[in-house]
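Peer 1: Structure below; questions to follow.
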Amino acid sequence: MKQRIQHWLQHSLATRLTLLVLLATLCAWLSFGAVLLHEARKETAEVLDRQLTAYADMLWQNLGDEDDLKSSTPQEHSKRTVLAFTLHHDDGNLLISSQKHPFPRQAGASKHPYSIEHQGRTWQITVRQDHERQLIVGEPQQNQHKIAQELSEHLFETALWALLILLPLLYFAIRQGLKPLNIVTAELAQREPNNLNPLDAKVPSEIRPLRDRLNTLFAQVSDTLARERRFTADAAHELRTPLAGLRVQIELAQSSPRIETREKALGKALIAVDRTTRLVAQLLALARLEHGESPSFEAISLPDLAKTALIEAQLPVDTAHLSIQNPVHLIGQPILLGLLLRNILDNAQQYAGVAANIQITIDGAILRITDDGKGVSEEDLARLSERFYRPAGQSQPGAGLGLSIVRRIAELHQAQLHFSNQPAGGFCVELIFKQEMS
């Protein structure tokens, strides 16, 4: 039973809300009952005190002369005495009493009722007095308490019935209030897995953030799937050519009886393998960047990364290829920045030629890589960083991913990336980093 209750509390929002509202209602109801009992006792006491005062005033005004008042032995009344009175003469003699044990003479008149102890009971009395007589009118406080208790019990019973009627109404109201959630749940249950259209169900303002967040999630998943499809299609397209060429060269090497032809075909096959390996590496790097992997940044040195990139590109590390001015330390991801430099250098070597003069210039937080090749047209300049874009008429091997990866790495480092043609001829890639360390 305990496990079932815990299951309901953990998995049923309606049950949880009902119990919380029930507890809140019970607390409010108990607080209301306590205040109601206190106020009922207070108001009842005030009403009965005013009634006692009015009765005493009426009795005092209608007292006859002393000749009309004869002392007599009062009869024994039941324990449930409602009102009692005693009339004393100024000399202390008892004139009349409504009970067997008369009230004792009081110190003076008092229109405001007060309590005294008399014959083992607490009385609420009021006193009227002149120069000849003193009238004491009293009522047992037990009567006040009994009337207040009966009134409180009646109110308590009424409030209890109200609570019993309120509980199913609360449960029904909560179920109705949660109906929009059921509508959203039903709509999601009926959807096909590939349906990522936004939810258009009308929901209350409290549920609207959940609906909007789901719609945002649908949009993100849709974008991710679109990127996956695009990436898969592009990768298949780009890999088809080198793999087909690799197969042709291997078949040629297998079928040719001439040693020179076989060696030439195997050499071209090795080149195709290197090209495919490079393409796969670039595709994997692009996939990691496009899927939002957040690299861990650290302190880096652009000159050290530039020297390593020149060595990997088989270029000499000298002043003709590397110029450093005002070096500063930056925050970045060294592996990604190394890939950025290698892609730019490989692109320069492929399109400007191996014999081209390639130079890396570092000036503070600005990195420039220039070559003295032919440059590119203005039309191609604006599209260089697009994925799988290659200018028309290119004979150099490539997939058009290198500069796209460069652009993505620059965005991750919040660096500005600019492509331009040099006035004297040649191509220039400039990066301006913002994450400069003080």
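Naming works like this for the structure tokens: A, B, ... for the chains as they're shown, residue 1 at the start of each chain, ligands 1 onward in shown order.
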I'd like to know which residues of stretch 20-260 of chain A are helix (DSSP H, G or I) (by DSSP, run on the backbone); could you write them as number ranges by chain?
Peer 2: A: 20-61, 66-68, 141-177, 179-190, 208-255, 259-260
Peer 1: Which residues come within 10 Å of A:Gly33, counting only C-alpha atoms, excluding same-chain residues fewer than 3 positions away, as a PyMOL selection string?
Peer 2: chain A and resi 27-30+36-39+152-153+155-156+159-160
Peer 1: Selection from above, N, CA and C atoms, as a PDB file, in the first residue's frame, can you write it?
Peer 2:
```pdb
ATOM      1  N   CYS A  27      -5.560  22.522   6.506  1.00  0.00           N
ATOM      2  CA  CYS A  27      -4.876  23.497   7.379  1.00  0.00           C
ATOM      3  C   CYS A  27      -5.696  24.779   7.498  1.00  0.00           C
ATOM      4  N   ALA A  28      -6.191  25.259   6.344  1.00  0.00           N
ATOM      5  CA  ALA A  28      -7.015  26.467   6.375  1.00  0.00           C
ATOM      6  C   ALA A  28      -8.305  26.217   7.159  1.00  0.00           C
ATOM      7  N   TRP A  29      -8.876  25.021   6.989  1.00  0.00           N
ATOM      8  CA  TRP A  29     -10.123  24.701   7.672  1.00  0.00           C
ATOM      9  C   TRP A  29      -9.915  24.610   9.179  1.00  0.00           C
ATOM     10  N   LEU A  30      -8.816  23.978   9.616  1.00  0.00           N
ATOM     11  CA  LEU A  30      -8.529  23.895  11.050  1.00  0.00           C
ATOM     12  C   LEU A  30      -8.246  25.279  11.625  1.00  0.00           C
ATOM     13  N   LEU A  36     -12.875  30.498  14.506  1.00  0.00           N
ATOM     14  CA  LEU A  36     -14.335  30.535  14.637  1.00  0.00           C
ATOM     15  C   LEU A  36     -14.762  30.193  16.050  1.00  0.00           C
ATOM     16  N   LEU A  37     -14.145  29.189  16.662  1.00  0.00           N
ATOM     17  CA  LEU A  37     -14.482  28.817  18.042  1.00  0.00           C
ATOM     18  C   LEU A  37     -14.174  29.954  19.001  1.00  0.00           C
ATOM     19  N   HIS A  38     -13.004  30.566  18.799  1.00  0.00           N
ATOM     20  CA  HIS A  38     -12.635  31.677  19.675  1.00  0.00           C
ATOM     21  C   HIS A  38     -13.604  32.849  19.514  1.00  0.00           C
ATOM     22  N   GLU A  39     -13.907  33.196  18.258  1.00  0.00           N
ATOM     23  CA  GLU A  39     -14.813  34.314  18.023  1.00  0.00           C
ATOM     24  C   GLU A  39     -16.228  33.995  18.492  1.00  0.00           C
ATOM     25  N   SER A 152     -20.571  26.605  18.414  1.00  0.00           N
ATOM     26  CA  SER A 152     -19.347  26.180  17.726  1.00  0.00           C
ATOM     27  C   SER A 152     -19.532  24.815  17.077  1.00  0.00           C
ATOM     28  N   GLU A 153     -20.189  23.896  17.800  1.00  0.00           N
ATOM     29  CA  GLU A 153     -20.419  22.566  17.234  1.00  0.00           C
ATOM     30  C   GLU A 153     -21.295  22.648  15.991  1.00  0.00           C
ATOM     31  N   LEU A 155     -21.552  25.263  13.962  1.00  0.00           N
ATOM     32  CA  LEU A 155     -20.746  25.843  12.898  1.00  0.00           C
ATOM     33  C   LEU A 155     -19.705  24.847  12.390  1.00  0.00           C
ATOM     34  N   PHE A 156     -19.126  24.072  13.340  1.00  0.00           N
ATOM     35  CA  PHE A 156     -18.134  23.075  12.965  1.00  0.00           C
ATOM     36  C   PHE A 156     -18.750  22.005  12.066  1.00  0.00           C
ATOM     37  N   ALA A 159     -19.247  23.507   8.677  1.00  0.00           N
ATOM     38  CA  ALA A 159     -17.975  23.612   7.954  1.00  0.00           C
ATOM     39  C   ALA A 159     -17.487  22.243   7.499  1.00  0.00           C
ATOM     40  N   LEU A 160     -17.742  21.201   8.318  1.00  0.00           N
ATOM     41  CA  LEU A 160     -17.332  19.859   7.932  1.00  0.00           C
ATOM     42  C   LEU A 160     -18.086  19.385   6.696  1.00  0.00           C
TER      43      LEU A 160
END
```
Peer 1: State, in Å with one decimal place, the distance from atom CA of A:Leu167 to atom CA of A:Val184.
Peer 2: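 One can read the atom CA of A:Leu167 to atom CA of A:Val184 distance as 26.7 Å.
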Peer 1: Near stretch 260-273 of chain A, within 10 Å and counting only C-alpha atoms, which residues show up once chain neighbours fewer than 2 positions away are dropped, as a PyMOL selection string?
Peer 2: chain A and resi 241-258+275-279+397
Peer 1: Could you save the residues just selected, with C-alpha atoms, as an mmCIF file, in the first residue's frame?
Peer 2:
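Listed below is the output, selection.cif:
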```
data_model
loop_
_atom_site.group_PDB
_atom_site.id
_atom_site.type_symbol
_atom_site.label_atom_id
_atom_site.label_comp_id
_atom_site.auth_asym_id
_atom_site.auth_seq_id
_atom_site.Cartn_x
_atom_site.Cartn_y
_atom_site.Cartn_z
ATOM 1 C CA THR A 241 34.695 9.936 -56.882
ATOM 2 C CA PRO A 242 37.906 8.997 -55.007
ATOM 3 C CA LEU A 243 36.636 5.496 -54.249
ATOM 4 C CA ALA A 244 35.675 4.948 -57.889
ATOM 5 C CA GLY A 245 39.085 6.213 -58.988
ATOM 6 C CA LEU A 246 40.778 3.967 -56.426
ATOM 7 C CA ARG A 247 38.889 0.937 -57.764
ATOM 8 C CA VAL A 248 39.835 1.777 -61.364
ATOM 9 C CA GLN A 249 43.530 2.042 -60.484
ATOM 10 C CA ILE A 250 43.495 -1.223 -58.522
ATOM 11 C CA GLU A 251 41.697 -3.053 -61.344
ATOM 12 C CA LEU A 252 44.213 -1.610 -63.800
ATOM 13 C CA ALA A 253 47.098 -2.827 -61.641
ATOM 14 C CA GLN A 254 45.549 -6.294 -61.450
ATOM 15 C CA SER A 255 44.865 -6.637 -65.152
ATOM 16 C CA SER A 256 47.954 -5.030 -66.683
ATOM 17 C CA PRO A 257 50.869 -7.385 -67.578
ATOM 18 C CA ARG A 258 53.345 -4.488 -67.683
ATOM 19 C CA ARG A 275 43.113 11.858 -50.686
ATOM 20 C CA THR A 276 40.299 9.715 -49.268
ATOM 21 C CA THR A 277 41.956 9.584 -45.837
ATOM 22 C CA ARG A 278 42.302 13.322 -45.830
ATOM 23 C CA LEU A 279 38.698 13.756 -46.956
ATOM 24 C CA PRO A 397 42.076 17.411 -55.756
#
```
Peer 1: Here is a test: counting only C-alpha atoms, which residue of A:Ala348, A:Ala109, A:Gly364, A:Leu322 is nearest to A:Ser301?
Peer 2: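 The shortest atom-to-atom distance to A:Ser301 comes from A:Gly364.
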Peer 1: Do you know which residues are at most 9 Å from A:Pro198 counting only C-alpha atoms, after dropping those on the same chain fewer than 6 positions away, and could you put them as number ranges by chain?
Peer 2: A: 211-212, 214-216, 218-219
Peer 1: Export N, CA and C atoms of the chosen residues as an mmCIF file, in the first residue's frame?
Peer 2:
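Below is the file part.cif, written as the result:
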```
data_model
loop_
_atom_site.group_PDB
_atom_site.id
_atom_site.type_symbol
_atom_site.label_atom_id
_atom_site.label_comp_id
_atom_site.auth_asym_id
_atom_site.auth_seq_id
_atom_site.Cartn_x
_atom_site.Cartn_y
_atom_site.Cartn_z
ATOM 1 N N ARG A 211 5.070 23.868 -23.767
ATOM 2 C CA ARG A 211 4.778 23.681 -25.187
ATOM 3 C C ARG A 211 5.824 24.372 -26.058
ATOM 4 N N ASP A 212 6.186 25.604 -25.676
ATOM 5 C CA ASP A 212 7.182 26.336 -26.463
ATOM 6 C C ASP A 212 8.542 25.634 -26.423
ATOM 7 N N LEU A 214 9.010 22.421 -26.044
ATOM 8 C CA LEU A 214 8.889 21.248 -26.916
ATOM 9 C C LEU A 214 9.020 21.648 -28.380
ATOM 10 N N ASN A 215 8.383 22.761 -28.742
ATOM 11 C CA ASN A 215 8.490 23.225 -30.129
ATOM 12 C C ASN A 215 9.929 23.589 -30.483
ATOM 13 N N THR A 216 10.619 24.223 -29.523
ATOM 14 C CA THR A 216 12.036 24.541 -29.757
ATOM 15 C C THR A 216 12.857 23.268 -29.918
ATOM 16 N N PHE A 218 11.707 20.375 -30.965
ATOM 17 C CA PHE A 218 11.368 19.811 -32.270
ATOM 18 C C PHE A 218 12.160 20.496 -33.380
ATOM 19 N N ALA A 219 12.257 21.824 -33.291
ATOM 20 C CA ALA A 219 12.994 22.569 -34.312
ATOM 21 C C ALA A 219 14.478 22.188 -34.299
#
```
Peer 1: Find the residues around A:Thr308 up to 10 Å (only C-alpha atoms counted), leave out those fewer than 4 positions away in its own chain, and share them as a short mmCIF file (atom, residue, chain, number, x, y, z; two decimals) with N, CA and C atoms, in the first residue's frame.
Peer 2:
```cif
data_model
loop_
_atom_site.label_atom_id
_atom_site.label_comp_id
_atom_site.auth_asym_id
_atom_site.auth_seq_id
_atom_site.Cartn_x
_atom_site.Cartn_y
_atom_site.Cartn_z
N LEU A 302 50.17 31.52 -30.53
CA LEU A 302 50.04 31.48 -31.99
C LEU A 302 51.38 31.23 -32.69
N PRO A 303 52.47 31.85 -32.25
CA PRO A 303 53.75 31.56 -32.93
C PRO A 303 54.13 30.09 -32.88
N ASP A 304 53.93 29.44 -31.73
CA ASP A 304 54.28 28.02 -31.62
C ASP A 304 53.39 27.18 -32.55
N GLU A 312 54.71 20.77 -40.43
CA GLU A 312 53.85 19.72 -40.97
C GLU A 312 53.59 19.92 -42.46
N ALA A 313 53.59 21.17 -42.91
CA ALA A 313 53.39 21.46 -44.34
C ALA A 313 54.69 21.38 -45.13
N GLN A 314 55.78 20.96 -44.44
CA GLN A 314 57.09 20.82 -45.07
C GLN A 314 57.57 22.15 -45.65
N LEU A 315 57.33 23.20 -44.88
CA LEU A 315 57.81 24.54 -45.24
C LEU A 315 58.84 24.97 -44.22
N VAL A 317 60.83 27.04 -41.46
CA VAL A 317 60.45 27.99 -40.41
C VAL A 317 61.54 29.07 -40.37
N GLY A 338 45.37 24.24 -34.74
CA GLY A 338 46.35 23.57 -35.60
C GLY A 338 45.71 23.07 -36.88
N LEU A 341 45.18 26.06 -39.21
CA LEU A 341 46.39 26.48 -39.91
C LEU A 341 46.78 25.49 -41.00
N ARG A 342 46.65 24.18 -40.72
CA ARG A 342 47.01 23.18 -41.73
C ARG A 342 46.10 23.28 -42.95
#
```
Peer 1: To one decimal in Å, tell me the separation between atom CA of A:Trp123 and atom CA of A:Gln149.
Peer 2: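 If I compute the distance from atom CA of A:Trp123 to atom CA of A:Gln149, I get 17.5 Å.
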Peer 1: Could you list, as a PDB file with C-alpha atoms, in the first residue's frame, every residue within 6 Å of stretch 411-417 of chain A, counting only C-alpha atoms and ignoring same-chain residues fewer than 5 positions away?
Peer 2:
```
ATOM      1  CA  GLU A 430      43.067  37.040 -42.055  1.00  0.00           C
ATOM      2  CA  LEU A 431      41.823  36.099 -38.572  1.00  0.00           C
ATOM      3  CA  ILE A 432      41.306  38.626 -35.796  1.00  0.00           C
ATOM      4  CA  PHE A 433      41.003  36.985 -32.371  1.00  0.00           C
TER       5      PHE A 433
END
```
Peer 1: Could you check which of A:Ile324, A:Ala40, A:Leu188, A:Val406 is closest to A:His418, using only C-alpha atoms?
Peer 2: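 Residue with the minimum atom-to-atom distance to A:His418: A:Val406.
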Peer 1: Pull the strand (DSSP E) assignments for stretch 161-316 of chain A out of DSSP run on the backbone, and list those residues as an MDAnalysis selection string.
Peer 2: chainID A and resid 298:301
Peer 1: Could those selected residues go to a file with N, CA and C atoms, as a short mmCIF file (atom, residue, chain, number, x, y, z; two decimals), in the first residue's frame?
Peer 2:
```
data_model
loop_
_atom_site.label_atom_id
_atom_site.label_comp_id
_atom_site.auth_asym_id
_atom_site.auth_seq_id
_atom_site.Cartn_x
_atom_site.Cartn_y
_atom_site.Cartn_z
N GLU A 298 42.16 26.83 -23.64
CA GLU A 298 43.31 26.98 -22.75
C GLU A 298 44.22 28.05 -23.33
N ALA A 299 45.24 28.40 -22.57
CA ALA A 299 46.20 29.40 -23.05
C ALA A 299 47.04 28.80 -24.18
N ILE A 300 47.15 29.55 -25.27
CA ILE A 300 47.89 29.07 -26.44
C ILE A 300 48.88 30.14 -26.89
N SER A 301 49.79 29.71 -27.74
CA SER A 301 50.75 30.63 -28.36
C SER A 301 50.64 30.48 -29.87
#
```
